$ cat my_file_33.tsv   # TSV, C-alpha atoms and all ligand atoms
chain	number	residue	atom	x	y	z
I	1	MET	CA	2.46	-2.46	23.62
I	2	HIS	CA	1.54	-4.42	20.52
I	3	GLU	CA	3.66	-7.33	19.35
I	4	LYS	CA	6.10	-6.41	16.57
I	5	ASP	CA	4.89	-7.28	13.09
I	6	VAL	CA	7.24	-8.11	10.24
I	7	PHE	CA	7.37	-4.49	9.01
I	8	CYS	CA	8.16	-3.16	12.50
I	9	LYS	CA	11.04	-5.66	12.47
I	10	ILE	CA	12.21	-4.37	9.08
I	11	VAL	CA	12.11	-0.79	10.42
I	12	ASP	CA	14.17	-1.88	13.44
I	13	GLY	CA	16.70	-3.69	11.23
I	14	GLU	CA	15.83	-7.12	12.64
I	15	ILE	CA	14.78	-8.38	9.21
I	16	PRO	CA	16.71	-7.33	6.11
I	17	CYS	CA	15.12	-5.71	3.08
I	18	TYR	CA	16.11	-4.06	-0.18
I	19	LYS	CA	15.60	-0.39	0.69
I	20	LEU	CA	14.50	2.08	-1.96
I	21	TYR	CA	13.94	5.15	0.19
I	22	GLU	CA	14.16	6.19	3.80
I	23	ASP	CA	13.56	9.33	5.85
I	24	ASP	CA	12.59	9.99	9.47
I	25	ASP	CA	9.01	8.84	8.99
I	26	VAL	CA	8.81	6.65	5.90
I	27	LEU	CA	10.53	3.55	4.56
I	28	ALA	CA	10.16	2.01	1.09
I	29	PHE	CA	11.54	-1.37	0.07
I	30	LEU	CA	11.04	-4.14	-2.47
I	31	ASP	CA	8.20	-6.54	-1.73
I	32	ILE	CA	9.64	-10.00	-1.23
I	33	SER	CA	7.04	-11.52	-3.57
I	34	GLN	CA	7.54	-9.20	-6.62
I	35	VAL	CA	4.16	-9.77	-8.24
I	36	THR	CA	5.71	-7.74	-11.05
I	37	LYS	CA	9.28	-6.47	-11.41
I	38	GLY	CA	9.81	-3.51	-9.10
I	39	HIS	CA	6.84	-4.24	-6.79
I	40	ALA	CA	7.50	-1.93	-3.83
I	41	LEU	CA	6.03	-1.33	-0.40
I	42	VAL	CA	5.89	2.04	1.32
I	43	ILE	CA	5.30	2.11	5.08
I	44	PRO	CA	5.33	4.54	7.98
I	45	LYS	CA	8.13	3.73	10.41
I	46	LYS	CA	5.74	4.15	13.31
I	47	HIS	CA	3.19	1.38	13.63
I	48	TYR	CA	-0.37	1.92	12.46
I	49	ASP	CA	-2.60	-1.03	11.64
I	50	ASN	CA	-3.71	0.12	8.19
I	51	PHE	CA	-4.47	3.07	5.91
I	52	LEU	CA	-7.79	3.78	7.63
I	53	SER	CA	-6.30	4.13	11.10
I	54	THR	CA	-3.23	6.17	10.12
I	55	PRO	CA	-3.15	9.90	11.01
I	56	GLN	CA	-3.60	12.11	7.97
I	57	GLU	CA	-0.18	13.73	8.17
I	58	VAL	CA	1.61	10.37	8.21
I	59	MET	CA	-0.63	8.99	5.46
I	60	HIS	CA	0.22	11.98	3.27
I	61	LYS	CA	3.95	11.37	3.73
I	62	VAL	CA	3.57	7.70	2.77
I	63	MET	CA	1.45	8.53	-0.28
I	64	ASP	CA	3.97	11.16	-1.38
I	65	VAL	CA	6.71	8.52	-1.49
I	66	ALA	CA	4.38	6.03	-3.20
I	67	GLN	CA	3.71	8.59	-5.92
I	68	ARG	CA	7.43	9.18	-6.47
I	69	ILE	CA	8.16	5.46	-6.67
I	70	GLY	CA	5.32	5.08	-9.18
I	71	GLN	CA	6.81	7.85	-11.30
I	72	VAL	CA	10.24	6.22	-11.17
I	73	SER	CA	8.76	2.82	-12.12
I	74	ILE	CA	7.54	4.33	-15.36
I	75	LYS	CA	10.60	6.41	-16.07
I	76	LEU	CA	13.34	3.94	-15.12
I	77	LEU	CA	11.79	0.47	-15.37
I	78	GLY	CA	9.75	1.17	-18.46
I	79	ALA	CA	6.47	0.20	-16.82
I	80	LYS	CA	3.41	1.16	-18.85
I	81	GLY	CA	1.25	1.69	-15.79
I	82	VAL	CA	1.21	1.35	-12.00
I	83	ASN	CA	-1.30	0.12	-9.42
I	84	ILE	CA	-1.17	1.93	-6.08
I	85	LEU	CA	-3.13	-0.01	-3.50
I	86	SER	CA	-3.50	-0.55	0.18
I	87	ASN	CA	-5.39	-3.49	1.63
I	88	CYS	CA	-7.28	-2.72	4.84
I	89	TYR	CA	-8.22	-5.64	7.09
I	90	LYS	CA	-8.07	-9.36	6.44
I	91	GLU	CA	-11.24	-9.45	4.33
I	92	ALA	CA	-9.59	-7.08	1.85
I	93	GLY	CA	-6.46	-9.21	1.63
I	94	GLN	CA	-4.32	-7.50	4.27
I	95	SER	CA	-1.84	-10.04	5.63
I	96	VAL	CA	0.61	-7.73	7.42
I	97	MET	CA	-1.22	-5.54	9.92
I	98	HIS	CA	1.08	-2.53	9.54
I	99	PHE	CA	-0.05	0.19	7.13
I	100	HIS	CA	1.60	-0.26	3.75
I	101	VAL	CA	1.03	0.89	0.22
I	102	HIS	CA	1.81	-1.43	-2.67
I	103	VAL	CA	3.32	0.19	-5.75
I	104	ILE	CA	2.97	-2.39	-8.52
I	105	PRO	CA	4.45	-1.54	-11.92
I	106	ARG	CA	2.42	-2.85	-14.87
I	107	TYR	CA	4.02	-4.00	-18.09
I	108	GLY	CA	1.04	-5.25	-20.11
I	109	GLU	CA	0.08	-8.70	-21.30
I	110	GLY	CA	1.79	-11.79	-19.94
I	111	GLU	CA	3.00	-10.31	-16.67
I	112	GLY	CA	0.92	-12.75	-14.61
I	113	PHE	CA	-0.88	-10.24	-12.46
I	114	GLU	CA	-4.47	-9.17	-12.88
I	115	ILE	CA	-6.97	-7.05	-11.01
I	116	SER	CA	-10.46	-7.70	-12.25
I	117	MET	CA	-13.33	-5.47	-11.18
I	118	LYS	CA	-16.70	-6.80	-12.25
I	119	ASP	CA	-19.88	-4.77	-12.51
I	120	ASN	CA	-22.03	-5.82	-9.53
I	121	SER	CA	-24.30	-2.77	-9.54
I	122	LYS	CA	-27.44	-4.68	-10.51
I	123	GLY	CA	-30.10	-4.38	-7.81
I	124	LEU	CA	-28.31	-1.65	-5.86
I	125	ASN	CA	-30.05	1.64	-5.07
I	126	LEU	CA	-27.24	3.99	-6.10
I	127	PRO	CA	-28.99	7.30	-5.24
I	128	ALA	CA	-29.72	6.04	-1.71
I	129	LEU	CA	-26.19	4.70	-1.37
I	130	ALA	CA	-24.69	8.03	-2.45
I	131	GLU	CA	-26.98	9.87	-0.02
I	132	GLN	CA	-25.83	7.61	2.83
I	133	PHE	CA	-22.19	8.42	2.07
I	134	LYS	CA	-22.87	12.15	1.71
I	135	ASN	CA	-24.61	12.29	5.07
I	136	ASN	CA	-21.65	10.70	6.80
I	137	LEU	CA	-18.68	12.45	5.22
I	201	LIG	P1	-0.75	-7.40	2.18
I	201	LIG	O1	-1.23	-8.76	1.74
I	201	LIG	O2	-0.79	-7.27	3.68
I	201	LIG	O3	-1.43	-6.26	1.49
I	201	LIG	O4	0.76	-7.33	1.72
I	201	LIG	C1	1.82	-7.74	2.49
I	201	LIG	C2	3.01	-7.86	1.57
I	201	LIG	O5	4.16	-7.95	2.36
I	201	LIG	C3	2.98	-9.09	0.65
I	201	LIG	O6	2.98	-8.68	-0.70
I	201	LIG	C4	4.26	-9.85	1.03
I	201	LIG	O7	4.93	-10.39	-0.08
I	201	LIG	C5	5.09	-8.77	1.70
I	201	LIG	N1	6.00	-9.27	2.73
I	201	LIG	C6	5.69	-10.10	3.76
I	201	LIG	N2	6.78	-10.37	4.52
I	201	LIG	C7	7.80	-9.66	3.94
I	201	LIG	C8	9.19	-9.53	4.28
I	201	LIG	O8	9.71	-10.10	5.26
I	201	LIG	N3	9.95	-8.74	3.49
I	201	LIG	C9	9.40	-8.08	2.40
I	201	LIG	N4	10.24	-7.32	1.69
I	201	LIG	N5	8.11	-8.19	2.06
I	201	LIG	C10	7.31	-8.97	2.83
$ encode --input "my_file_33.tsv" --output "structure tokens"
Amino acid sequence: MHEKDVFCKIVDGEIPCYKLYEDDDVLAFLDISQVTKGHALVIPKKHYDNFLSTPQEVMHKVMDVAQRIGQVSIKLLGAKGVNILSNCYKEAGQSVMHFHVHVIPRYGEGEGFEISMKDNSKGLNLPALAEQFKNNL
């Protein structure tokens, strides 16, 4: 059996959290770091390492709750937008190795949180890259 991570401990009630939603399979709670007001995490209660290794049925349940929390962030908190993201593996910024989806409300300028995606397409063979994907999906 794998060693309990911090989210397994939250599920088991060994670490407290501010719960937003709970059912048999899914738990949602406030992220302790609040990169913006209302920053939430949605997790499966059962342990899976990350989004990529989670069974489809469980992943769908988690994403369903993430969508609802995103909708509520806009309706109730007055967010102007929301980032829904899941980091997979250390290289992508995953620090807790238990599948979780961040729901990060966005309020516009001055909120102190930024995702910047630069254009790094120069030199890439996009038709070949697309073909590679197509042949493996
Ligand atoms: P990751 O970097 O793995 O995508 O995100 C992990 C998130 O878990 C971080 O945003 C971090 O603030 C949050 N986190 C870590 N430990 C705890 C905790 O004990 N309680 C809560 N509520 N959030 C936590």
$ atom_distance --input "my_file_33.tsv" --atom1 "atom CA of Gln56 of chain I" --atom2 "atom CA of His2 of chain I"
21.4 Å
$ residues_near_point --input "my_file_33.tsv" --point "(-4.6, -3.4, 7.7)" --cutoff "6 Å" --atoms "only C-alpha atoms" --output "list in words"
Asp49, Asn50, Cys88, Tyr89, Gln94, Met97 and Phe99 of chain I
$ closest_atom_pairs --input "my_file_33.tsv" --of "chain I" --to "ligand LIG 201 (chain I)" --cutoff "7 Å" --atoms "all atoms listed in the file" --output "CSV"
residue,atom,partner,partner_atom,distance
I:Val6,CA,I:LIG201,O8,5.9
I:Ile15,CA,I:LIG201,O8,6.7
I:Cys17,CA,I:LIG201,N4,5.3
I:Tyr18,CA,I:LIG201,N4,7.0
I:Phe29,CA,I:LIG201,N4,6.3
I:Leu30,CA,I:LIG201,N4,5.3
I:Asp31,CA,I:LIG201,N4,4.1
I:Ile32,CA,I:LIG201,N4,4.0
I:Ser33,CA,I:LIG201,O7,4.2
I:Ser86,CA,I:LIG201,O3,6.2
I:Asn87,CA,I:LIG201,O3,4.8
I:Gly93,CA,I:LIG201,O1,5.3
I:Gln94,CA,I:LIG201,O2,3.6
I:Ser95,CA,I:LIG201,O2,3.5
I:Val96,CA,I:LIG201,O2,4.0
I:Met97,CA,I:LIG201,O2,6.5
$ atom_distance --input "my_file_33.tsv" --atom1 "atom CA of Ile104 of chain I" --atom2 "atom CA of His39 of chain I"
4.6 Å
$ residues_around --input "my_file_33.tsv" --residues "His60 of chain I" --least-positions-apart "3" --cutoff "12 Å" --atoms "all atoms listed in the file" --output "ChimeraX atom specification"
/I:25-26,42-44,51,54-57,63-67,101
$ closest_residue --input "my_file_33.tsv" --among "I:Val103, I:Val82, I:Cys8, I:Lys46" --to "Leu20 of chain I" --atoms "all atoms listed in the file"
I:Val103
$ closest_residue --input "my_file_33.tsv" --among "I:Leu85, I:Ala79, I:Ile10, I:Met117" --to "Val62 of chain I" --atoms "all atoms listed in the file"
I:Leu85
$ residues_near_point --input "my_file_33.tsv" --point "(8.1, -4.5, -19.6)" --cutoff "12 Å" --atoms "all atoms listed in the file" --output "list in words"
Thr36, Lys37, Gly38, Ser73, Ile74, Lys75, Leu76, Leu77, Gly78, Ala79, Lys80, Gly81, Val82, Pro105, Arg106, Tyr107, Gly108, Glu109, Gly110 and Glu111 of chain I
$ atom_distance --input "my_file_33.tsv" --atom1 "atom CA of Asn83 of chain I" --atom2 "atom CA of Val35 of chain I"
11.4 Å
$ closest_residue --input "my_file_33.tsv" --among "I:Glu14, I:Gln34, I:Ser116, I:Asp23" --to "His102 of chain I" --atoms "all atoms listed in the file"
I:Gln34
$ closest_residue --input "my_file_33.tsv" --among "I:Leu41, I:Pro127, I:His47, I:Val11" --to "His98 of chain I" --atoms "all atoms listed in the file"
I:His47
$ closest_residue --input "my_file_33.tsv" --among "I:Ile84, I:Ala92, I:Ile69, I:Ala128" --to "Leu27 of chain I" --atoms "all atoms listed in the file"
I:Ile69
$ build_atoms --input "my_file_33.tsv" --residues "segment 61-82 of chain I" --atoms "N, CA and C atoms" --output "mmCIF file, keeping the file's coordinate frame"
data_model
loop_
_atom_site.group_PDB
_atom_site.id
_atom_site.type_symbol
_atom_site.label_atom_id
_atom_site.label_comp_id
_atom_site.auth_asym_id
_atom_site.auth_seq_id
_atom_site.Cartn_x
_atom_site.Cartn_y
_atom_site.Cartn_z
ATOM 1 N N LYS I 61 2.513 11.593 3.963
ATOM 2 C CA LYS I 61 3.950 11.370 3.730
ATOM 3 C C LYS I 61 4.171 10.046 3.006
ATOM 4 N N VAL I 62 3.443 9.015 3.418
ATOM 5 C CA VAL I 62 3.570 7.700 2.770
ATOM 6 C C VAL I 62 3.109 7.776 1.317
ATOM 7 N N MET I 63 1.980 8.452 1.084
ATOM 8 C CA MET I 63 1.450 8.530 -0.280
ATOM 9 C C MET I 63 2.374 9.351 -1.183
ATOM 10 N N ASP I 64 3.028 10.339 -0.615
ATOM 11 C CA ASP I 64 3.970 11.160 -1.380
ATOM 12 C C ASP I 64 5.104 10.279 -1.920
ATOM 13 N N VAL I 65 5.619 9.412 -1.070
ATOM 14 C CA VAL I 65 6.710 8.520 -1.490
ATOM 15 C C VAL I 65 6.180 7.482 -2.492
ATOM 16 N N ALA I 66 4.974 6.999 -2.264
ATOM 17 C CA ALA I 66 4.380 6.030 -3.200
ATOM 18 C C ALA I 66 4.249 6.657 -4.594
ATOM 19 N N GLN I 67 3.846 7.906 -4.623
ATOM 20 C CA GLN I 67 3.710 8.590 -5.920
ATOM 21 C C GLN I 67 5.063 8.688 -6.623
ATOM 22 N N ARG I 68 6.086 9.039 -5.864
ATOM 23 C CA ARG I 68 7.430 9.180 -6.470
ATOM 24 C C ARG I 68 7.942 7.850 -6.987
ATOM 25 N N ILE I 69 7.710 6.788 -6.231
ATOM 26 C CA ILE I 69 8.160 5.460 -6.670
ATOM 27 C C ILE I 69 7.393 5.044 -7.935
ATOM 28 N N GLY I 70 6.110 5.362 -7.988
ATOM 29 C CA GLY I 70 5.320 5.080 -9.180
ATOM 30 C C GLY I 70 5.884 5.814 -10.397
ATOM 31 N N GLN I 71 6.242 7.066 -10.201
ATOM 32 C CA GLN I 71 6.810 7.850 -11.300
ATOM 33 C C GLN I 71 8.124 7.246 -11.780
ATOM 34 N N VAL I 72 8.943 6.821 -10.823
ATOM 35 C CA VAL I 72 10.240 6.220 -11.170
ATOM 36 C C VAL I 72 10.052 4.880 -11.883
ATOM 37 N N SER I 73 9.022 4.115 -11.470
ATOM 38 C CA SER I 73 8.760 2.820 -12.120
ATOM 39 C C SER I 73 8.519 3.015 -13.609
ATOM 40 N N ILE I 74 7.830 4.067 -13.953
ATOM 41 C CA ILE I 74 7.540 4.330 -15.360
ATOM 42 C C ILE I 74 8.778 4.862 -16.077
ATOM 43 N N LYS I 75 9.448 5.757 -15.429
ATOM 44 C CA LYS I 75 10.600 6.410 -16.070
ATOM 45 C C LYS I 75 11.809 5.465 -16.197
ATOM 46 N N LEU I 76 12.107 4.745 -15.131
ATOM 47 C CA LEU I 76 13.340 3.940 -15.120
ATOM 48 C C LEU I 76 13.137 2.491 -15.511
ATOM 49 N N LEU I 77 11.999 1.904 -15.095
ATOM 50 C CA LEU I 77 11.790 0.470 -15.370
ATOM 51 C C LEU I 77 11.037 0.240 -16.667
ATOM 52 N N GLY I 78 10.505 1.309 -17.224
ATOM 53 C CA GLY I 78 9.750 1.170 -18.460
ATOM 54 C C GLY I 78 8.373 0.576 -18.266
ATOM 55 N N ALA I 79 7.843 0.669 -17.041
ATOM 56 C CA ALA I 79 6.470 0.200 -16.820
ATOM 57 C C ALA I 79 5.514 1.064 -17.634
ATOM 58 N N LYS I 80 4.400 0.419 -18.039
ATOM 59 C CA LYS I 80 3.410 1.160 -18.850
ATOM 60 C C LYS I 80 2.311 1.728 -17.962
ATOM 61 N N GLY I 81 2.245 1.230 -16.746
ATOM 62 C CA GLY I 81 1.250 1.690 -15.790
ATOM 63 C C GLY I 81 1.659 1.261 -14.392
ATOM 64 N N VAL I 82 0.898 1.686 -13.397
ATOM 65 C CA VAL I 82 1.210 1.350 -12.000
ATOM 66 C C VAL I 82 -0.099 1.210 -11.215
#
